[in-house]
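See below for coords01.cif, which holds mmCIF, C-alpha atoms and all ligand atoms.
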```cif
data_run
#
loop_
_atom_site.label_atom_id
_atom_site.label_comp_id
_atom_site.auth_asym_id
_atom_site.auth_seq_id
_atom_site.Cartn_x
_atom_site.Cartn_y
_atom_site.Cartn_z
CA MET A 959 63.14 135.24 39.02
CA ALA A 960 66.19 133.55 40.60
CA GLY A 961 66.74 136.54 42.94
CA SER A 962 63.25 136.51 44.38
CA PHE A 963 63.45 132.71 44.77
CA LEU A 964 66.65 133.00 46.88
CA ARG A 965 65.10 135.80 48.92
CA GLY A 966 62.06 133.63 49.60
CA ARG A 967 64.30 130.79 50.76
CA LEU A 968 66.29 133.12 53.01
CA LEU A 969 63.19 134.63 54.59
CA SER A 970 61.72 131.19 55.20
CA LEU A 971 64.71 130.55 57.50
CA PHE A 972 63.02 132.82 59.99
CA ASP A 973 59.64 131.13 59.82
CA TYR A 974 58.79 129.04 62.81
CA LYS A 975 57.56 125.62 61.80
CA THR A 976 55.38 123.78 64.27
CA GLU A 977 54.33 120.14 64.10
CA LYS A 978 50.85 119.03 63.13
CA TYR A 979 49.28 116.30 65.19
CA ILE A 980 46.77 113.66 64.27
CA VAL A 981 44.42 112.77 67.10
CA ALA A 982 43.71 109.06 67.15
CA LYS A 983 40.54 108.41 69.11
CA ASN A 984 41.76 105.05 70.28
CA LYS A 985 41.36 104.53 74.02
CA ARG A 986 43.69 101.57 74.25
CA VAL A 987 46.67 103.33 72.69
CA GLY A 988 45.78 106.48 74.63
CA VAL A 989 45.91 104.63 77.95
CA LEU A 990 49.13 102.90 76.90
CA TYR A 991 50.71 106.25 76.08
CA ARG A 992 49.66 107.77 79.43
CA LEU A 993 51.04 104.71 81.24
CA ILE A 994 54.37 105.00 79.44
CA GLN A 995 54.51 108.72 80.22
CA LEU A 996 53.68 108.10 83.85
CA SER A 997 56.32 105.42 84.29
CA ILE A 998 58.95 107.59 82.59
CA ILE A 999 58.08 110.51 84.87
CA GLY A 1000 58.18 108.18 87.86
CA TYR A 1001 61.55 106.84 86.79
CA ILE A 1002 63.00 110.33 86.28
CA ILE A 1003 61.70 111.80 89.52
CA GLY A 1004 61.82 108.78 91.81
CA TRP A 1005 64.90 106.96 90.68
CA VAL A 1006 67.11 109.42 88.83
CA PHE A 1007 66.45 112.52 90.96
CA LEU A 1008 65.40 111.36 94.42
CA SER A 1009 67.20 108.05 94.76
CA LYS A 1010 70.32 108.56 92.61
CA LYS A 1011 70.50 112.32 93.17
CA GLY A 1012 70.81 112.95 89.45
CA TYR A 1013 70.78 116.71 90.02
CA GLN A 1014 74.18 116.55 91.71
CA GLU A 1015 77.71 116.70 90.51
CA THR A 1016 79.80 114.11 92.41
CA ASP A 1017 83.38 113.73 93.53
CA GLU A 1018 84.42 110.15 94.20
CA ALA A 1019 88.15 110.84 94.54
CA ILE A 1020 88.30 111.08 98.29
CA GLN A 1021 91.66 112.16 99.69
CA SER A 1022 92.28 110.73 103.09
CA SER A 1023 94.89 110.29 105.76
CA VAL A 1024 94.70 107.83 108.63
CA ILE A 1025 96.75 107.65 111.78
CA THR A 1026 96.24 105.12 114.57
CA LYS A 1027 97.24 104.86 118.19
CA LEU A 1028 96.76 101.97 120.59
CA LYS A 1029 96.51 102.05 124.36
CA GLY A 1030 96.69 99.21 126.88
CA VAL A 1031 99.23 97.13 128.73
CA SER A 1032 99.60 93.39 129.13
CA ALA A 1033 101.96 91.11 131.05
CA THR A 1034 103.22 87.65 130.07
CA ASN A 1035 105.17 85.01 131.94
CA THR A 1036 106.88 82.27 129.92
CA SER A 1037 109.72 79.88 130.65
CA GLU A 1038 111.90 81.35 127.86
CA SER A 1039 111.34 85.05 128.52
CA GLY A 1040 110.31 85.28 132.17
CA LEU A 1041 107.98 88.09 133.18
CA LEU A 1042 107.52 90.61 130.35
CA VAL A 1043 105.39 93.74 130.23
CA TRP A 1044 103.97 94.63 126.84
CA GLY A 1045 103.09 98.22 125.97
CA PRO A 1046 101.88 99.53 122.59
CA GLU A 1047 105.49 100.11 121.52
CA ASP A 1048 106.06 96.35 121.94
CA TYR A 1049 102.87 94.81 120.59
CA VAL A 1050 102.07 97.18 117.70
CA ILE A 1051 104.07 96.45 114.55
CA PRO A 1052 104.98 98.81 112.91
CA PRO A 1053 104.85 101.31 115.75
CA GLN A 1054 104.46 104.47 113.62
CA GLY A 1055 100.65 104.44 113.72
CA GLU A 1056 99.86 103.43 110.17
CA ALA A 1057 96.57 102.46 108.56
CA VAL A 1058 97.72 98.82 108.39
CA LEU A 1059 98.90 97.58 111.74
CA PHE A 1060 99.49 94.34 113.57
CA VAL A 1061 98.70 93.72 117.23
CA VAL A 1062 100.57 90.84 118.88
CA THR A 1063 98.35 88.53 120.92
CA ASN A 1064 100.54 85.44 121.12
CA PHE A 1065 104.23 84.74 120.59
CA LEU A 1066 107.15 82.31 120.85
CA GLU A 1067 110.48 83.76 121.82
CA THR A 1068 113.80 82.08 121.07
CA PRO A 1069 116.09 84.18 123.26
CA ASN A 1070 119.84 84.74 123.03
CA GLN A 1071 120.56 83.31 119.61
CA LYS A 1072 124.19 83.59 118.58
CA LEU A 1073 125.94 82.83 115.28
CA GLY A 1074 127.53 79.36 115.55
CA HIS A 1075 127.12 75.65 114.88
CA CYS A 1076 124.08 73.65 115.99
CA ALA A 1077 121.61 71.03 114.76
CA GLU A 1078 119.01 72.07 112.17
CA SER A 1079 115.43 71.97 113.35
CA SER A 1080 113.66 68.65 112.78
CA LYS A 1081 110.73 70.64 111.26
CA VAL A 1082 112.88 71.32 108.17
CA LEU A 1083 112.57 68.38 105.75
CA ASP A 1084 115.71 69.22 103.79
CA GLY A 1085 117.74 69.10 107.03
CA HIS A 1086 117.05 65.41 107.71
CA CYS A 1087 120.02 63.09 107.16
CA GLY A 1088 121.10 59.40 107.32
CA ASP A 1089 124.83 60.07 107.29
CA ASP A 1090 127.34 62.85 106.57
CA LYS A 1091 126.95 62.46 102.78
CA ASP A 1092 123.44 63.99 103.06
CA CYS A 1093 124.91 67.18 104.55
CA GLU A 1094 127.16 68.55 101.82
CA GLU A 1095 129.39 71.25 103.28
CA GLY A 1096 128.47 74.81 102.26
CA ARG A 1097 125.00 73.98 100.93
CA MET A 1098 122.04 76.05 102.13
CA VAL A 1099 119.24 74.11 103.79
CA VAL A 1100 116.14 74.64 101.66
CA ALA A 1101 113.55 76.52 103.76
CA GLY A 1102 115.94 76.06 106.68
CA ASN A 1103 117.94 78.17 109.09
CA GLY A 1104 121.53 78.07 107.89
CA ILE A 1105 124.43 76.57 105.91
CA MET A 1106 125.38 72.86 106.25
CA SER A 1107 128.74 72.19 107.85
CA GLY A 1108 129.11 68.62 106.47
CA ARG A 1109 128.22 66.68 109.62
CA CYS A 1110 125.09 64.68 110.32
CA LEU A 1111 124.11 64.78 113.98
CA ARG A 1112 122.43 61.54 115.12
CA LYS A 1113 121.67 59.89 118.44
CA ASP A 1114 123.01 56.53 117.17
CA VAL A 1115 124.11 54.96 113.89
CA ASN A 1116 120.68 53.59 112.93
CA SER A 1117 118.45 56.61 113.59
CA THR A 1118 117.90 59.55 111.25
CA GLY A 1119 119.19 62.87 112.48
CA THR A 1120 119.54 66.42 111.27
CA CYS A 1121 122.45 68.16 109.62
CA GLU A 1122 124.65 70.48 111.61
CA ILE A 1123 124.35 74.03 110.38
CA TYR A 1124 126.09 77.33 110.79
CA GLY A 1125 123.45 79.97 111.68
CA TRP A 1126 121.70 81.68 114.57
CA CYS A 1127 121.80 79.04 117.33
CA PRO A 1128 119.90 77.50 118.97
CA VAL A 1129 117.20 77.26 116.29
CA GLU A 1130 113.54 77.88 117.10
CA ARG A 1131 111.84 74.95 118.80
CA LYS A 1132 108.71 73.20 117.57
CA PHE A 1133 105.70 75.19 118.71
CA LYS A 1134 101.97 74.69 118.61
CA PRO A 1135 100.16 77.63 120.22
CA GLN A 1136 98.02 76.50 123.15
CA GLY A 1137 96.36 79.82 123.94
CA PRO A 1138 96.91 83.55 123.79
CA LEU A 1139 99.68 85.00 125.91
CA LEU A 1140 98.54 88.63 125.89
CA ARG A 1141 95.28 87.67 127.54
CA ASN A 1142 93.69 91.08 127.86
CA ALA A 1143 94.44 92.21 124.30
CA GLU A 1144 90.70 92.45 123.66
CA ASN A 1145 90.62 95.32 126.13
CA PHE A 1146 93.23 97.36 124.25
CA THR A 1147 91.77 100.41 122.53
CA ILE A 1148 92.56 101.79 119.13
CA TYR A 1149 92.18 105.44 118.24
CA ILE A 1150 91.67 105.96 114.50
CA LYS A 1151 92.17 109.54 113.38
CA ASN A 1152 90.95 110.17 109.84
CA PHE A 1153 91.08 113.38 107.82
CA ILE A 1154 89.30 113.54 104.48
CA GLN A 1155 89.06 116.00 101.65
CA PHE A 1156 86.99 116.42 98.51
CA SER A 1157 89.13 118.78 96.50
CA LYS A 1158 86.47 119.39 93.80
CA PHE A 1159 84.19 121.03 96.37
CA ASN A 1160 86.97 122.35 98.61
CA PHE A 1161 85.50 120.39 101.51
CA SER A 1162 87.40 118.79 104.37
CA LYS A 1163 86.43 117.09 107.59
CA SER A 1164 87.75 114.76 110.27
CA ASN A 1165 86.12 111.95 112.23
CA VAL A 1166 87.09 113.49 115.57
CA LEU A 1167 84.73 115.84 117.38
CA GLN A 1168 85.61 119.49 116.85
CA THR A 1169 86.14 120.58 120.41
CA THR A 1170 88.74 122.32 122.49
CA ASP A 1171 88.06 120.09 125.49
CA GLU A 1172 91.34 118.18 125.68
CA SER A 1173 90.03 115.48 127.98
CA HIS A 1174 87.25 114.48 125.53
CA LEU A 1175 89.33 111.74 123.92
CA LYS A 1176 90.54 110.44 127.28
CA ARG A 1177 87.03 109.75 128.49
CA CYS A 1178 84.96 108.83 125.46
CA GLN A 1179 84.35 105.53 123.68
CA TYR A 1180 82.74 105.11 120.28
CA ASP A 1181 79.01 104.67 120.19
CA GLU A 1182 77.10 104.88 116.93
CA GLU A 1183 74.28 106.98 118.42
CA LEU A 1184 75.80 108.80 121.39
CA GLN A 1185 79.43 109.30 120.38
CA PRO A 1186 79.78 109.03 116.59
CA TYR A 1187 82.70 111.45 116.65
CA CYS A 1188 84.78 109.55 119.19
CA PRO A 1189 86.76 107.07 117.05
CA ILE A 1190 88.13 105.02 119.95
CA PHE A 1191 87.29 101.33 119.72
CA ARG A 1192 87.93 98.39 122.03
CA LEU A 1193 89.53 95.60 119.97
CA GLY A 1194 86.99 93.11 121.32
CA ASP A 1195 84.14 95.33 120.11
CA ILE A 1196 85.66 95.57 116.63
CA THR A 1197 85.84 91.81 116.22
CA ARG A 1198 82.33 91.42 117.65
CA ARG A 1199 80.99 93.86 115.07
CA ALA A 1200 82.79 91.79 112.42
CA GLY A 1201 80.92 88.74 113.71
CA TYR A 1202 83.66 87.03 115.76
CA GLU A 1203 84.69 86.83 119.38
CA PHE A 1204 88.19 88.04 120.07
CA HIS A 1205 89.18 84.70 121.62
CA ASP A 1206 88.38 82.99 118.27
CA MET A 1207 91.40 84.68 116.80
CA ASP A 1208 93.89 85.62 119.50
CA THR A 1209 95.72 82.26 119.47
CA PHE A 1210 96.42 81.88 115.75
CA GLY A 1211 95.84 85.43 114.57
CA ALA A 1212 93.50 86.95 112.01
CA SER A 1213 93.03 89.85 109.64
CA ILE A 1214 90.30 92.42 110.23
CA GLY A 1215 89.16 95.11 107.81
CA ILE A 1216 87.88 98.45 109.12
CA MET A 1217 86.03 100.43 106.47
CA ILE A 1218 85.30 104.11 106.98
CA ASN A 1219 82.69 105.33 104.54
CA TRP A 1220 81.93 109.00 103.93
CA ASP A 1221 78.78 109.55 101.90
CA CYS A 1222 78.30 113.30 101.83
CA ASP A 1223 75.37 115.29 100.50
CA LEU A 1224 76.84 118.78 100.54
CA ASP A 1225 73.48 120.36 99.68
CA LYS A 1226 72.38 119.49 103.22
CA GLY A 1227 75.41 121.17 104.73
CA PHE A 1228 78.60 120.43 106.62
CA SER A 1229 76.91 118.70 109.55
CA HIS A 1230 75.23 116.07 107.36
CA CYS A 1231 78.48 114.44 106.27
CA HIS A 1232 79.20 111.63 108.74
CA PRO A 1233 81.71 108.79 108.80
CA LYS A 1234 80.23 105.30 108.94
CA TYR A 1235 82.27 102.35 110.19
CA PHE A 1236 82.06 98.78 108.92
CA PHE A 1237 84.04 95.81 110.18
CA THR A 1238 84.76 92.51 108.46
CA ARG A 1239 87.08 89.58 108.95
CA LEU A 1240 89.26 89.25 105.86
CA ASP A 1241 91.25 86.04 106.37
CA ILE A 1242 88.33 83.67 106.27
CA THR A 1243 86.23 82.50 103.34
CA ALA A 1244 82.62 81.44 103.87
CA PHE A 1245 83.15 80.57 107.53
CA ASN A 1246 85.54 77.72 106.76
CA LYS A 1247 88.75 77.26 108.69
CA THR A 1248 91.65 76.20 106.48
CA ILE A 1249 95.40 75.87 106.95
CA ALA A 1250 95.69 79.42 105.62
CA THR A 1251 93.50 80.90 108.37
CA GLY A 1252 95.41 83.01 110.84
CA PHE A 1253 98.27 85.43 110.79
CA ASN A 1254 101.85 85.19 112.05
CA PHE A 1255 105.36 86.29 111.19
CA ARG A 1256 108.83 86.46 112.75
CA HIS A 1257 110.97 89.36 113.76
CA ALA A 1258 114.18 89.73 115.76
CA ARG A 1259 115.65 92.12 118.30
CA TYR A 1260 119.44 92.48 118.25
CA PHE A 1261 121.76 93.34 121.09
CA LYS A 1262 125.41 93.03 122.21
CA ASN A 1263 126.74 91.77 125.52
CA ALA A 1264 129.50 93.45 127.55
CA ALA A 1265 132.17 91.53 125.63
CA GLY A 1266 130.84 92.92 122.32
CA GLU A 1267 129.35 89.65 121.06
CA SER A 1268 126.16 89.97 118.93
CA PHE A 1269 123.00 88.21 120.05
CA ARG A 1270 119.40 88.30 118.96
CA SER A 1271 116.01 87.29 120.30
CA LEU A 1272 113.78 85.75 117.66
CA PHE A 1273 110.05 86.30 118.03
CA LYS A 1274 107.42 84.36 116.16
CA VAL A 1275 104.35 86.51 116.71
CA TYR A 1276 100.68 85.69 116.19
CA GLY A 1277 98.13 88.44 116.24
CA VAL A 1278 95.40 90.43 114.60
CA ARG A 1279 96.14 92.62 111.62
CA PHE A 1280 93.91 95.64 111.17
CA ASN A 1281 93.54 97.17 107.75
CA ILE A 1282 91.83 100.57 107.70
CA MET A 1283 90.29 101.52 104.35
CA VAL A 1284 88.59 104.82 103.62
CA HIS A 1285 85.94 105.21 100.89
CA GLY A 1286 83.60 108.02 100.10
CA LYS A 1287 81.92 110.35 97.69
CA ALA A 1288 80.39 113.79 97.84
CA GLY A 1289 77.68 115.38 95.75
CA ARG A 1290 76.42 118.92 95.26
CA PHE A 1291 73.72 120.47 93.05
CA SER A 1292 74.92 121.45 89.62
CA ILE A 1293 72.97 122.70 86.62
CA ILE A 1294 74.74 120.53 84.03
CA PRO A 1295 73.81 117.03 85.30
CA THR A 1296 70.31 118.37 86.08
CA ALA A 1297 69.84 119.57 82.50
CA ILE A 1298 71.28 116.35 81.06
CA ASN A 1299 68.96 114.18 83.12
CA ILE A 1300 65.87 116.25 82.28
CA ALA A 1301 66.78 116.15 78.58
CA SER A 1302 67.25 112.40 78.63
CA GLY A 1303 63.86 112.09 80.30
CA LEU A 1304 62.22 114.12 77.53
CA ALA A 1305 63.98 112.00 74.93
CA LEU A 1306 62.55 108.91 76.60
CA MET A 1307 59.06 110.44 76.25
CA GLY A 1308 59.77 110.71 72.53
CA ALA A 1309 60.66 107.03 72.48
CA GLY A 1310 57.32 106.33 74.18
CA ALA A 1311 55.46 108.23 71.47
CA PHE A 1312 57.35 106.31 68.81
CA PHE A 1313 56.42 103.02 70.44
CA CYS A 1314 52.72 104.00 70.58
CA ASP A 1315 52.86 105.04 66.91
CA MET A 1316 54.13 101.58 66.05
CA VAL A 1317 51.33 99.95 68.02
CA LEU A 1318 48.71 102.21 66.47
CA LEU A 1319 49.87 101.86 62.88
CA TYR A 1320 50.90 98.24 62.70
CA LEU A 1321 49.13 96.32 65.49
CA MET A 1322 45.68 97.91 65.52
CA LYS A 1323 42.91 96.66 63.21
CA LYS A 1324 42.26 100.12 61.81
CA GLY A 1325 45.98 100.75 61.33
CA ASP A 1326 45.59 101.18 57.56
CA SER A 1327 43.27 104.17 57.85
CA TYR A 1328 45.57 105.83 60.39
CA ARG A 1329 48.51 105.21 58.10
CA GLU A 1330 46.71 106.87 55.21
CA ARG A 1331 46.13 109.95 57.34
CA LYS A 1332 49.60 110.04 58.77
CA PHE A 1333 51.67 109.59 55.63
CA GLU A 1334 50.65 111.95 52.86
CA GLY A 1335 52.36 111.44 49.55
CA SER A 1336 53.42 114.74 47.98
CA ARG A 1337 52.73 114.82 44.29
CA ASN A 1338 51.58 117.30 41.69
CA ASN A 1339 48.81 115.44 39.97
CA THR A 1340 46.32 114.01 42.45
CA THR A 1341 44.46 111.86 39.97
CA SER A 1342 46.04 108.45 40.66
CA LYS A 1343 45.68 108.12 44.45
CA SER A 1344 45.73 104.35 44.59
CA SER A 1345 48.86 103.82 42.48
CA GLY A 1346 52.33 103.22 44.01
CA GLU A 1347 55.22 105.66 44.26
CA GLU A 1348 57.38 104.26 41.47
CA GLU A 1349 54.54 104.59 39.03
CA ASP A 1350 53.95 108.16 40.19
CA LYS A 1351 57.51 109.24 39.60
CA ALA A 1352 57.73 108.33 35.95
CA PRO A 1353 55.14 110.84 34.60
CA THR A 1354 56.51 113.72 36.71
CA GLU A 1355 59.97 113.18 35.24
CA GLN A 1356 58.49 113.19 31.76
CA GLU A 1357 56.70 116.42 32.60
CA ASN A 1358 59.95 117.99 33.66
CA LEU A 1359 61.62 116.94 30.43
CA THR A 1360 58.88 118.29 28.21
CA SER A 1361 58.43 121.61 29.94
C1 LIG B 1 88.38 93.52 130.02
O1 LIG B 1 87.87 94.53 130.85
C2 LIG B 1 86.69 94.15 131.56
C3 LIG B 1 86.18 95.38 132.29
O2 LIG B 1 87.21 96.17 132.72
C4 LIG B 1 87.02 93.00 132.49
O3 LIG B 1 85.88 92.60 133.21
C5 LIG B 1 87.55 91.82 131.66
O4 LIG B 1 87.96 90.78 132.51
C6 LIG B 1 88.72 92.27 130.81
N1 LIG B 1 89.05 91.20 129.88
C7 LIG B 1 90.20 90.54 129.92
C8 LIG B 1 90.36 89.44 128.94
O5 LIG B 1 91.08 90.83 130.70
#
```
Show me this structure written as structure tokens.
Amino acid sequence: MAGSFLRGRLLSLFDYKTEKYIVAKNKRVGVLYRLIQLSIIGYIIGWVFLSKKGYQETDEAIQSSVITKLKGVSATNTSESGLLVWGPEDYVIPPQGEAVLFVVTNFLETPNQKLGHCAESSKVLDGHCGDDKDCEEGRMVVAGNGIMSGRCLRKDVNSTGTCEIYGWCPVERKFKPQGPLLRNAENFTIYIKNFIQFSKFNFSKSNVLQTTDESHLKRCQYDEELQPYCPIFRLGDITRRAGYEFHDMDTFGASIGIMINWDCDLDKGFSHCHPKYFFTRLDITAFNKTIATGFNFRHARYFKNAAGESFRSLFKVYGVRFNIMVHGKAGRFSIIPTAINIASGLALMGAGAFFCDMVLLYLMKKGDSYRERKFEGSRNNTTSKSSGEEEDKAPTEQENLTS
């Protein structure tokens, strides 16, 4: 007996069990179910597959390298510095061609500073003094230019003066920029060379036209339609694309972001992966000018005279900082995300059926009769149909005991 029972169980493993359906002739739930199915199919095909490219495997870890080069010359004539010619090696800081670079448009030079004693600048609050007691010898001037020597330099006994300091003298004068000094900086051009790689797909590309014509880069200028692979931009065009005129920012300086975006569909092939450029001004919030707007810093150039004495020229430079950021992602057909998305769509259909079941069984007027058909109690004696489950169980247990 027990042997044949086990064999029966084992053989039933290889039976295929299929589900039995109950057809509910209810038009309202039927229409609801078709609508749910239709919207799920629309969501899967339209949104997941066509719009979000759910059949693709993606690589968002773009590897990129950027190198920049500026061209253009400007001349300035100031009382401190005389006639100066500015080439890229002078106005680009740092000059190595990095992805973050600063272009000088305006400056104040304090030439021929030498270590020695002189009056602290009147701009420095901690340097103000009434008499020598305010200038304690050896103390640093807070936010100042040197070390106090102990003397207070005044025009006469009653006026306030500034402490004498030991530092690079003379100190920088008070300066309020009146206008840009490198007037044609908006006509400088910047060449942005960008190489990218998606290592997952072994794909690499650059934003420069693949040509052997060496004069191409000398003649071309970027144009979104005509020359998308000529990454040479006039600085004035960059700021205009960011929504500002260059002369809005060449006096006090600014910060400009250049975004290069690579959105590559590798199923369409190599030639469908293009760089897109976006420009924004970064140092301004909601079009309001504040004291923080602008960009400047100081740097010095050192030299020695014939007698071996050290001198320096201090430059306070204003200008535009460019920050080049590269983003991107690539996608290519892959069976795994395709299968996952199809499976999740089918599971959603199941959820739709479940929802319609709920509506049919619990919200419809004839729900009770559907429920009776759908849920069949399994029991041995079929005499007491109307009685509840608990009551059913008790006699069957007794039967088991007695048999
Ligand atoms: C920039 O170049 C254009 C054309 O060469 C010229 O007309 C314009 O005056 C230049 N701008 C400045 C500020 O020098």
Protein and nucleic residues near ligand LIG 1 (chain B), 8 Å, only C-alpha atoms and all ligand atoms, as an MDAnalysis selection string: chainID A and resid 1141:1145
What's around stretch 987-990 of chain A at 10 Å? Count all atoms listed in the file, leave out sequence neighbours fewer than 5 positions away in its own chain, and write the answer as a list in words.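 Listing them by chain and then by number gives Val981, Ala982, Gln995, Leu996, Gly1310, Ala1311, Phe1313, Cys1314, Asp1315, Val1317, Leu1318 and Met1322 of chain A.
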Give me the residues near A:Gln1155 as an MDAnalysis selection string, where near means some atom within 9 Å (using all atoms listed in the file) and where sequence neighbours in that chain fewer than 6 positions away do not count. chainID A and resid 1019:1022 1161:1164
Using all atoms of stretch 1279-1292 of chain A that appear in the file, construct an axis-aligned enclosing box with 8 Å of padding on every side and provide its centre coordinates and edge lengths in Å, rounded to one decimal, as lines of an AutoDock Vina configuration file.
```
center_x = 84.9
center_y = 107.0
center_z = 100.6
size_x = 38.4
size_y = 44.8
size_z = 38.0
```
Between A:Leu1041, A:Ala1297, A:Ile1002, A:Val1275, which has the minimum distance to A:Phe1133 (counting all atoms listed in the file)?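 For A:Phe1133, the nearest of the given residues is A:Val1275.
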One-decimal distance in Å that lies between atom CA of A:Arg1199 and atom CA of A:His1174: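 So the two atoms, atom CA of A:His1174 and atom CA of A:Arg1199, lie 24.0 Å apart.
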